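**Q** Pasting run-v5.txt below, which is compact mmCIF, C-alpha atoms.
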```
# COMPACT_ATOMS: atom_id res chain seq x y z
CA MET Z 300 25.29 -24.73 0.67
CA SER Z 301 28.33 -22.54 -0.04
CA SER Z 302 28.52 -19.12 1.56
CA ARG Z 303 28.02 -17.61 -1.87
CA GLU Z 304 24.80 -19.59 -2.45
CA LEU Z 305 23.62 -18.73 1.04
CA GLU Z 306 24.22 -15.07 0.36
CA ARG Z 307 22.23 -15.27 -2.85
CA SER Z 308 19.36 -17.11 -1.16
CA THR Z 309 18.96 -14.44 1.49
CA THR Z 310 19.23 -11.47 -0.87
CA ALA Z 311 16.03 -9.52 -1.28
CA ILE Z 312 14.60 -9.71 -4.76
CA GLU Z 313 12.12 -7.41 -6.44
CA VAL Z 314 8.66 -8.88 -6.92
CA LYS Z 315 5.84 -7.35 -8.98
CA VAL Z 316 2.69 -6.47 -7.02
CA LEU Z 317 -0.53 -6.71 -9.03
CA PRO Z 318 -3.63 -5.12 -7.47
CA PHE Z 319 -7.08 -6.17 -8.77
CA GLY Z 320 -10.67 -4.94 -8.48
CA PRO Z 321 -11.10 -2.07 -6.00
CA LEU Z 322 -7.44 -2.37 -4.98
CA SER Z 323 -6.42 -1.38 -8.52
CA GLU Z 324 -7.66 2.14 -7.70
CA LEU Z 325 -5.58 2.37 -4.52
CA ILE Z 326 -2.27 0.75 -5.46
CA SER Z 327 -0.29 1.40 -8.63
CA PRO Z 328 -0.17 -1.55 -11.06
CA GLU Z 329 3.53 -0.72 -11.49
CA SER Z 330 4.25 -1.46 -7.81
CA THR Z 331 7.03 -3.73 -6.64
CA LEU Z 332 8.14 -5.10 -3.30
CA GLN Z 333 11.53 -6.33 -2.07
CA LEU Z 334 11.19 -9.81 -0.57
CA SER Z 335 13.58 -12.40 0.85
CA PHE Z 336 12.74 -16.07 0.45
CA PRO Z 337 11.78 -18.53 1.85
CA LEU Z 338 8.78 -16.68 3.24
CA PRO Z 339 5.48 -17.90 4.71
CA VAL Z 340 2.37 -16.40 3.10
CA ALA Z 341 1.39 -14.83 6.45
CA ALA Z 342 4.72 -12.95 6.53
CA LEU Z 343 4.24 -11.93 2.91
CA ARG Z 344 0.86 -10.48 3.91
CA GLU Z 345 2.54 -8.48 6.70
CA SER Z 346 5.16 -7.13 4.28
CA LEU Z 347 2.43 -6.10 1.84
CA VAL Z 348 0.44 -4.28 4.53
CA ALA Z 349 3.61 -2.53 5.77
CA ARG Z 350 4.41 -1.37 2.22
CA PHE Z 351 0.78 -0.47 1.33
CA PRO Z 352 -0.97 0.59 4.58
CA VAL Z 353 -4.27 1.03 2.69
CA LEU Z 354 -4.50 -2.78 2.65
CA GLU Z 355 -5.26 -2.75 6.38
CA GLU Z 356 -8.80 -1.64 5.56
CA HIS Z 357 -9.39 -4.32 2.92
CA THR Z 358 -10.06 -8.02 2.75
CA PHE Z 359 -7.84 -9.65 0.16
CA ARG Z 360 -6.38 -12.99 -0.82
CA ILE Z 361 -2.85 -13.38 -2.13
CA ALA Z 362 -1.87 -15.29 -5.26
CA VAL Z 363 1.81 -16.01 -5.76
CA ASP Z 364 2.66 -16.59 -9.42
CA ARG Z 365 -1.05 -17.17 -10.15
CA ARG Z 366 -1.65 -19.66 -7.33
CA MET Z 367 -3.40 -19.16 -4.00
CA HIS Z 368 -1.90 -20.77 -0.90
CA ARG Z 369 -2.73 -21.25 2.77
CA GLU Z 370 -1.31 -18.61 5.10
CA GLU Z 371 1.18 -21.11 6.57
CA THR Z 372 2.58 -22.21 3.21
CA VAL Z 373 6.22 -21.24 2.76
CA ILE Z 374 6.93 -19.56 -0.56
CA THR Z 375 10.41 -20.22 -1.95
CA GLU Z 376 10.31 -17.93 -4.97
CA ALA Z 377 8.01 -15.48 -6.68
CA GLU Z 378 7.90 -13.19 -9.68
CA GLU Z 379 4.48 -11.68 -9.09
CA VAL Z 380 2.18 -11.33 -6.14
CA ALA Z 381 -1.48 -10.57 -6.87
CA LEU Z 382 -3.76 -8.83 -4.37
CA LEU Z 383 -7.25 -10.30 -4.82
CA PRO Z 384 -10.25 -8.71 -3.09
CA PRO Z 385 -13.51 -10.73 -2.92
CA PHE Z 386 -14.46 -11.98 -6.38
CA ALA Z 387 -17.44 -10.69 -8.35
CA GLY Z 388 -17.80 -12.93 -11.39
CA GLY Z 389 -21.13 -14.22 -12.61
CA MET C 140 -13.33 -40.64 -20.69
CA ASP C 141 -16.90 -39.64 -19.87
CA ILE C 142 -16.19 -35.96 -19.41
CA GLU C 143 -16.08 -33.63 -22.34
CA ILE C 144 -15.46 -29.95 -21.81
CA THR C 145 -15.89 -27.94 -24.97
CA PRO C 146 -12.87 -25.84 -25.88
CA GLU C 147 -14.90 -22.62 -25.77
CA LEU C 148 -14.32 -22.23 -22.06
CA HIS C 149 -13.14 -18.69 -21.87
CA LEU C 150 -13.33 -14.98 -21.23
CA HIS C 151 -14.95 -12.97 -23.99
CA TYR C 152 -14.68 -9.20 -24.54
CA GLY C 153 -18.13 -7.57 -24.44
CA PRO C 154 -21.60 -8.95 -23.65
CA LEU C 155 -22.34 -12.52 -24.67
CA PRO C 156 -24.85 -13.03 -27.50
CA VAL C 157 -28.12 -14.63 -26.42
CA GLU C 158 -27.72 -17.02 -29.37
CA ARG C 159 -24.76 -18.59 -27.61
CA ILE C 160 -27.01 -21.05 -25.77
CA SER C 161 -28.75 -22.26 -28.94
CA GLN C 162 -25.40 -22.51 -30.74
CA VAL C 163 -24.09 -24.82 -28.04
CA LEU C 164 -27.32 -26.85 -28.05
CA SER C 165 -27.14 -27.27 -31.83
CA ARG C 166 -23.56 -28.42 -31.65
CA TRP C 167 -24.34 -30.96 -28.95
CA ALA C 168 -27.38 -32.30 -30.80
CA GLU C 169 -25.12 -34.70 -32.68
CA ASP C 170 -24.02 -36.28 -29.38
CA SER C 171 -26.64 -39.02 -28.99
CA ARG C 172 -25.51 -39.81 -25.43
CA ILE C 173 -26.88 -36.48 -24.16
CA GLY C 174 -30.46 -36.57 -22.86
CA GLY C 175 -30.69 -33.32 -20.94
CA VAL C 176 -29.17 -29.86 -21.33
CA THR C 177 -29.61 -27.05 -18.85
CA SER C 178 -28.33 -23.52 -19.21
CA PHE C 179 -27.80 -20.42 -17.10
CA ALA C 180 -27.42 -16.86 -18.31
CA GLY C 181 -26.56 -14.09 -15.90
CA VAL C 182 -28.14 -10.74 -16.77
CA VAL C 183 -27.04 -7.31 -15.54
CA ARG C 184 -29.75 -5.99 -13.24
CA ALA C 185 -30.60 -2.30 -12.63
CA ASP C 186 -29.72 -2.41 -8.93
CA LYS C 187 -30.56 0.70 -6.94
CA THR C 188 -27.90 1.84 -4.48
CA GLU C 189 -27.79 4.81 -2.15
CA ASP C 190 -25.50 6.50 -4.69
CA GLY C 191 -27.71 5.90 -7.73
CA LYS C 192 -28.90 3.24 -10.13
CA VAL C 193 -26.51 0.78 -11.78
CA SER C 194 -26.35 1.32 -15.57
CA SER C 195 -23.66 -1.19 -16.53
CA ILE C 196 -20.93 -3.37 -15.10
CA GLU C 197 -17.37 -3.24 -16.35
CA PHE C 198 -15.83 -6.67 -15.83
CA SER C 199 -12.12 -7.28 -15.43
CA ALA C 200 -10.08 -10.30 -14.41
CA TYR C 201 -6.66 -11.54 -13.47
CA GLN C 202 -6.74 -13.28 -16.82
CA GLU C 203 -3.56 -15.34 -16.48
CA MET C 204 -5.12 -16.94 -13.39
CA ALA C 205 -8.82 -16.85 -14.28
CA GLU C 206 -8.63 -18.76 -17.56
CA PRO C 207 -6.69 -21.79 -16.28
CA GLY C 208 -8.67 -21.46 -13.04
CA ILE C 209 -12.03 -21.83 -14.81
CA ARG C 210 -10.73 -24.86 -16.68
CA ALA C 211 -9.35 -26.58 -13.57
CA MET C 212 -12.52 -25.81 -11.58
CA ALA C 213 -14.77 -27.05 -14.38
CA GLU C 214 -12.81 -30.28 -14.74
CA ARG C 215 -12.90 -30.87 -10.98
CA ILE C 216 -16.65 -30.34 -10.73
CA ALA C 217 -17.40 -32.34 -13.88
CA ALA C 218 -15.42 -35.24 -12.38
CA GLU C 219 -17.41 -34.97 -9.12
CA VAL C 220 -20.72 -34.98 -10.98
CA VAL C 221 -19.67 -37.99 -13.06
CA GLU C 222 -18.60 -39.76 -9.86
CA GLU C 223 -22.03 -39.21 -8.33
CA HIS C 224 -24.34 -39.55 -11.33
CA GLY C 225 -22.25 -41.29 -13.98
CA GLY C 226 -21.29 -39.82 -17.34
CA PRO C 227 -21.23 -38.48 -19.90
CA VAL C 228 -21.32 -34.77 -19.15
CA ARG C 229 -20.60 -31.79 -21.37
CA LEU C 230 -19.96 -28.26 -20.26
CA TYR C 231 -19.66 -24.81 -21.80
CA VAL C 232 -18.60 -21.78 -19.73
CA GLU C 233 -18.09 -18.25 -20.97
CA HIS C 234 -17.70 -14.98 -19.05
CA ALA C 235 -17.66 -11.44 -20.42
CA LEU C 236 -14.92 -8.89 -19.84
CA GLY C 237 -15.34 -5.16 -20.43
CA PRO C 238 -18.62 -3.24 -20.27
CA VAL C 239 -21.95 -5.09 -20.07
CA ARG C 240 -25.13 -2.98 -19.86
CA ILE C 241 -28.44 -3.64 -18.08
CA GLY C 242 -30.25 -6.54 -19.71
CA GLU C 243 -27.08 -7.83 -21.37
CA ILE C 244 -25.44 -11.14 -20.56
CA PRO C 245 -22.05 -11.40 -18.76
CA ILE C 246 -22.07 -15.15 -18.19
CA VAL C 247 -23.36 -18.27 -19.93
CA ILE C 248 -23.10 -21.81 -18.62
CA VAL C 249 -24.50 -24.76 -20.56
CA ALA C 250 -24.37 -28.23 -19.02
CA GLY C 251 -25.39 -31.44 -20.73
CA ALA C 252 -25.62 -34.98 -19.41
CA GLY C 253 -27.28 -38.31 -20.01
CA HIS C 254 -30.04 -37.43 -17.55
CA ARG C 255 -31.32 -34.22 -15.92
CA PRO C 256 -29.96 -34.57 -12.34
CA ALA C 257 -26.35 -34.42 -13.56
CA ALA C 258 -27.08 -31.54 -15.95
CA PHE C 259 -28.76 -29.40 -13.27
CA GLU C 260 -26.08 -30.14 -10.69
CA LEU C 261 -23.19 -29.45 -13.06
CA CYS C 262 -24.65 -26.13 -14.18
CA ARG C 263 -25.34 -24.89 -10.66
CA SER C 264 -22.09 -26.12 -9.10
CA VAL C 265 -19.94 -24.60 -11.83
CA LEU C 266 -21.74 -21.27 -11.45
CA GLU C 267 -21.31 -21.20 -7.66
CA ALA C 268 -17.64 -22.20 -7.91
CA LEU C 269 -16.96 -19.57 -10.56
CA LYS C 270 -18.41 -16.89 -8.29
CA SER C 271 -16.34 -17.94 -5.28
CA GLU C 272 -13.06 -19.16 -6.82
CA ILE C 273 -12.28 -17.20 -9.97
CA PRO C 274 -10.59 -13.75 -9.85
CA ILE C 275 -13.13 -11.73 -11.84
CA TYR C 276 -14.16 -8.21 -10.81
CA GLY C 277 -17.10 -6.00 -11.67
CA LYS C 278 -17.14 -2.22 -11.49
CA GLU C 279 -20.79 -1.12 -11.34
CA LEU C 280 -21.15 2.19 -13.17
CA LEU C 281 -23.94 4.36 -11.80
CA GLU C 282 -26.40 6.34 -13.97
CA GLU C 283 -25.64 9.75 -12.49
CA ALA C 284 -21.91 9.48 -11.91
CA GLY C 285 -19.41 7.39 -10.07
CA HIS C 286 -19.16 3.69 -9.49
CA ARG C 287 -19.01 0.98 -6.86
CA TRP C 288 -17.41 -2.46 -6.88
CA LYS C 289 -19.66 -5.49 -7.16
CA GLU C 290 -19.15 -8.15 -4.49
CA ASN C 291 -20.50 -11.71 -4.59
CA ARG C 292 -22.45 -12.80 -1.55
```
Kindly present the structure from the file in structure tokens form.

**A**
Amino acid sequence: MSSRELERSTTAIEVKVLPFGPLSELISPESTLQLSFPLPVAALRESLVARFPVLEEHTFRIAVDRRMHREETVITEAEEVALLPPFAGG
Amino acid sequence: MDIEITPELHLHYGPLPVERISQVLSRWAEDSRIGGVTSFAGVVRADKTEDGKVSSIEFSAYQEMAEPGIRAMAERIAAEVVEEHGGPVRLYVEHALGPVRIGEIPIVIVAGAGHRPAAFELCRSVLEALKSEIPIYGKELLEEAGHRWKENR
């Protein structure tokens, strides 16, 4: 990897944060977060809670680009991160 | 392939018409392999909470994830049911978005199979998986004022 590529890979990029259900009343749907990849889902969760402290009081799953992952999965890129409280369909 | 999932597997704005179940049944009547059809309709209930009585539920979803999610889940469960009971199976799933009042229908599942065990199992398993796996939300509007968020147990 050239130094230029390395620099690009460690640069923080802006990711959309999409809150759903009850979280849509607490976090703006226009929110964004600066993230550097690669990033394990558990670290992503910590970044989200640091940026939106209200999340500490809520149970939520994370979908990265419309897919849910295990906490240990390493995410290499993302455009949108959805915050998904317990589901209520049916 | 022994699995057929009807294309009307989707999210629908507003309450679902009660005729939906008979429409699906009529359409499947021409499939002479089907010997049993079971259906489920969810109905909004007038739950009483400490803050008041529920008058309607406003459903919302992460649509870009929910629609492909319902399809993938339905295909997975249909394949499991065929593995256990044999085919064919047919499945129809529809969920409402937007406001649905007491007594109205936010979800319809119709499952058909050669014999009843597969039809019952498919209908129930798809319903349970939808509740636990698909990002759909329900804001319960209360009669007096205010709201609370529905949560599946």

**Q** Give me, as a ChimeraX atom specification, the residues of chain Z touching chain C, with the criterion being at most 9 Å (counting only C-alpha atoms).

**A** /Z:317,319-321,362,364-366,381,383-389

**Q** Can you work out which one of Z:Arg344, Z:Glu379, Z:Ile361, Z:Leu354 has the shortest atom-to-atom distance to Z:Thr331, counting all atoms listed in the file?

**A**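 With all atoms listed in the file as the atom set, the closest residue is Z:Glu379.
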
**Q** Build an axis-aligned box that encloses every atom of stretch 339-344 of chain Z listed in the file, pad it by 3 Å on each side, and report its centre and edge lengths in Å to one decimal, as JSON.

**A**
```
{"center_x": 3.2, "center_y": -14.2, "center_z": 4.7, "size_x": 10.6, "size_y": 13.4, "size_z": 9.6}
```

**Q** Check the smallest atom-to-atom distance from each of C:Ala257, C:Ala168, C:Gln162, C:Ser195 to C:Glu222 using all atoms listed in the file, then report the winner.

**A** C:Ala257

**Q** When distances are computed from only C-alpha atoms, which of C:Gly242, C:Gly285, C:Gly237, C:Gly251 shows the smallest separation from C:Val163?

**A** C:Gly251

**Q** So the first atom is atom CA of Z:Ala311 and the second is atom CA of Z:Glu356; what is the distance between them in Å, to one decimal place?

**A**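 Atom-to-atom, atom CA of Z:Ala311 to atom CA of Z:Glu356, that is 26.9 Å.
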
**Q** Which residue is closest to C:Leu280? Choose from C:Glu158, C:Asp190, C:Glu260, C:Glu223 and count only C-alpha atoms.

**A** C:Asp190

**Q** Which is closer to Z:Leu347 than all the others in Z:Ser335, Z:Pro328, Z:Leu382, Z:Val363, using all atoms listed in the file?

**A**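 Nearest candidate to Z:Leu347 out of Z:Ser335, Z:Pro328, Z:Leu382, Z:Val363: Z:Leu382.
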
**Q** Could you tell me how far atom CA of Z:Val373 lies from atom CA of Z:Leu343, in Å and to one decimal?

**A**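 Here the two named atoms are 9.5 Å from each other.
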
**Q** Mind checking which residues fall within 7 Å of Z:Thr372, counting only C-alpha atoms, ignoring those fewer than 4 positions away in the same chain, and posting them as a list in words?

**A** Pro339, Val340 and His368 of chain Z

**Q** Figure out the distance between atom CA of Z:His357 and atom CA of Z:Ala341, please, to one decimal in Å.

**A**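 Taking atom CA of Z:Ala341 and atom CA of Z:His357, their separation equals 15.5 Å.
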
**Q** For each of C:Leu150, C:Ile216, C:Val193, C:Val221, take the minimum atom-to-atom distance to C:Cys262, counting all atoms listed in the file, then give the residue where this is smallest.

**A**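 Closest to C:Cys262 of all the choices is C:Ile216.
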
**Q** Every residue with an atom at most 12 Å from (-25.9, -36.4, -24.6) (file coordinates; only C-alpha atoms) is what I'm after, so could you write them as a PyMOL selection string?

**A** chain C and resi 141-143+164-177+226-230+250-255+257-258

**Q** With C-alpha atoms retained, could you export that selection as a PDB file, keeping the file's coordinate frame?

**A**
```pdb
ATOM      1  CA  ASP C 141     -16.900 -39.640 -19.870  1.00  0.00           C
ATOM      2  CA  ILE C 142     -16.190 -35.960 -19.410  1.00  0.00           C
ATOM      3  CA  GLU C 143     -16.080 -33.630 -22.340  1.00  0.00           C
ATOM      4  CA  LEU C 164     -27.320 -26.850 -28.050  1.00  0.00           C
ATOM      5  CA  SER C 165     -27.140 -27.270 -31.830  1.00  0.00           C
ATOM      6  CA  ARG C 166     -23.560 -28.420 -31.650  1.00  0.00           C
ATOM      7  CA  TRP C 167     -24.340 -30.960 -28.950  1.00  0.00           C
ATOM      8  CA  ALA C 168     -27.380 -32.300 -30.800  1.00  0.00           C
ATOM      9  CA  GLU C 169     -25.120 -34.700 -32.680  1.00  0.00           C
ATOM     10  CA  ASP C 170     -24.020 -36.280 -29.380  1.00  0.00           C
ATOM     11  CA  SER C 171     -26.640 -39.020 -28.990  1.00  0.00           C
ATOM     12  CA  ARG C 172     -25.510 -39.810 -25.430  1.00  0.00           C
ATOM     13  CA  ILE C 173     -26.880 -36.480 -24.160  1.00  0.00           C
ATOM     14  CA  GLY C 174     -30.460 -36.570 -22.860  1.00  0.00           C
ATOM     15  CA  GLY C 175     -30.690 -33.320 -20.940  1.00  0.00           C
ATOM     16  CA  VAL C 176     -29.170 -29.860 -21.330  1.00  0.00           C
ATOM     17  CA  THR C 177     -29.610 -27.050 -18.850  1.00  0.00           C
ATOM     18  CA  GLY C 226     -21.290 -39.820 -17.340  1.00  0.00           C
ATOM     19  CA  PRO C 227     -21.230 -38.480 -19.900  1.00  0.00           C
ATOM     20  CA  VAL C 228     -21.320 -34.770 -19.150  1.00  0.00           C
ATOM     21  CA  ARG C 229     -20.600 -31.790 -21.370  1.00  0.00           C
ATOM     22  CA  LEU C 230     -19.960 -28.260 -20.260  1.00  0.00           C
ATOM     23  CA  ALA C 250     -24.370 -28.230 -19.020  1.00  0.00           C
ATOM     24  CA  GLY C 251     -25.390 -31.440 -20.730  1.00  0.00           C
ATOM     25  CA  ALA C 252     -25.620 -34.980 -19.410  1.00  0.00           C
ATOM     26  CA  GLY C 253     -27.280 -38.310 -20.010  1.00  0.00           C
ATOM     27  CA  HIS C 254     -30.040 -37.430 -17.550  1.00  0.00           C
ATOM     28  CA  ARG C 255     -31.320 -34.220 -15.920  1.00  0.00           C
ATOM     29  CA  ALA C 257     -26.350 -34.420 -13.560  1.00  0.00           C
ATOM     30  CA  ALA C 258     -27.080 -31.540 -15.950  1.00  0.00           C
TER      31      ALA C 258
END
```

**Q** Reconstruct N, CA, C and O atoms of stretch 345-357 of chain Z from the incomplete input and present them as an mmCIF file, in the frame of the given file.

**A**
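Once written, rebuild_18.cif looks like this:
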```cif
data_model
loop_
_atom_site.group_PDB
_atom_site.id
_atom_site.type_symbol
_atom_site.label_atom_id
_atom_site.label_comp_id
_atom_site.auth_asym_id
_atom_site.auth_seq_id
_atom_site.Cartn_x
_atom_site.Cartn_y
_atom_site.Cartn_z
ATOM 1 N N GLU Z 345 2.077 -9.578 5.835
ATOM 2 C CA GLU Z 345 2.540 -8.480 6.700
ATOM 3 C C GLU Z 345 3.412 -7.497 5.937
ATOM 4 O O GLU Z 345 3.287 -6.283 6.111
ATOM 5 N N SER Z 346 4.293 -8.019 5.071
ATOM 6 C CA SER Z 346 5.160 -7.130 4.280
ATOM 7 C C SER Z 346 4.328 -6.257 3.351
ATOM 8 O O SER Z 346 4.630 -5.078 3.150
ATOM 9 N N LEU Z 347 3.282 -6.852 2.766
ATOM 10 C CA LEU Z 347 2.430 -6.100 1.840
ATOM 11 C C LEU Z 347 1.700 -4.970 2.577
ATOM 12 O O LEU Z 347 1.624 -3.845 2.086
ATOM 13 N N VAL Z 348 1.186 -5.300 3.773
ATOM 14 C CA VAL Z 348 0.440 -4.280 4.530
ATOM 15 C C VAL Z 348 1.395 -3.165 4.990
ATOM 16 O O VAL Z 348 1.030 -1.983 4.980
ATOM 17 N N ALA Z 349 2.634 -3.542 5.343
ATOM 18 C CA ALA Z 349 3.610 -2.530 5.770
ATOM 19 C C ALA Z 349 3.944 -1.591 4.600
ATOM 20 O O ALA Z 349 4.064 -0.378 4.769
ATOM 21 N N ARG Z 350 4.053 -2.168 3.388
ATOM 22 C CA ARG Z 350 4.410 -1.370 2.220
ATOM 23 C C ARG Z 350 3.213 -0.560 1.713
ATOM 24 O O ARG Z 350 3.364 0.550 1.234
ATOM 25 N N PHE Z 351 2.000 -1.139 1.815
ATOM 26 C CA PHE Z 351 0.780 -0.470 1.330
ATOM 27 C C PHE Z 351 -0.234 -0.431 2.480
ATOM 28 O O PHE Z 351 -1.115 -1.295 2.573
ATOM 29 N N PRO Z 352 -0.120 0.560 3.370
ATOM 30 C CA PRO Z 352 -0.970 0.590 4.580
ATOM 31 C C PRO Z 352 -2.466 0.584 4.267
ATOM 32 O O PRO Z 352 -3.265 0.141 5.092
ATOM 33 N N VAL Z 353 -2.855 1.024 3.065
ATOM 34 C CA VAL Z 353 -4.270 1.030 2.690
ATOM 35 C C VAL Z 353 -4.867 -0.378 2.745
ATOM 36 O O VAL Z 353 -6.077 -0.549 2.932
ATOM 37 N N LEU Z 354 -4.023 -1.388 2.634
ATOM 38 C CA LEU Z 354 -4.500 -2.780 2.650
ATOM 39 C C LEU Z 354 -5.109 -3.171 3.995
ATOM 40 O O LEU Z 354 -5.898 -4.103 4.079
ATOM 41 N N GLU Z 355 -4.715 -2.445 5.048
ATOM 42 C CA GLU Z 355 -5.260 -2.750 6.380
ATOM 43 C C GLU Z 355 -6.777 -2.694 6.395
ATOM 44 O O GLU Z 355 -7.429 -3.398 7.165
ATOM 45 N N GLU Z 356 -7.344 -1.837 5.549
ATOM 46 C CA GLU Z 356 -8.800 -1.640 5.560
ATOM 47 C C GLU Z 356 -9.512 -2.576 4.586
ATOM 48 O O GLU Z 356 -10.704 -2.436 4.360
ATOM 49 N N HIS Z 357 -8.773 -3.492 3.942
ATOM 50 C CA HIS Z 357 -9.390 -4.320 2.920
ATOM 51 C C HIS Z 357 -9.176 -5.807 3.157
ATOM 52 O O HIS Z 357 -8.146 -6.210 3.688
#
```
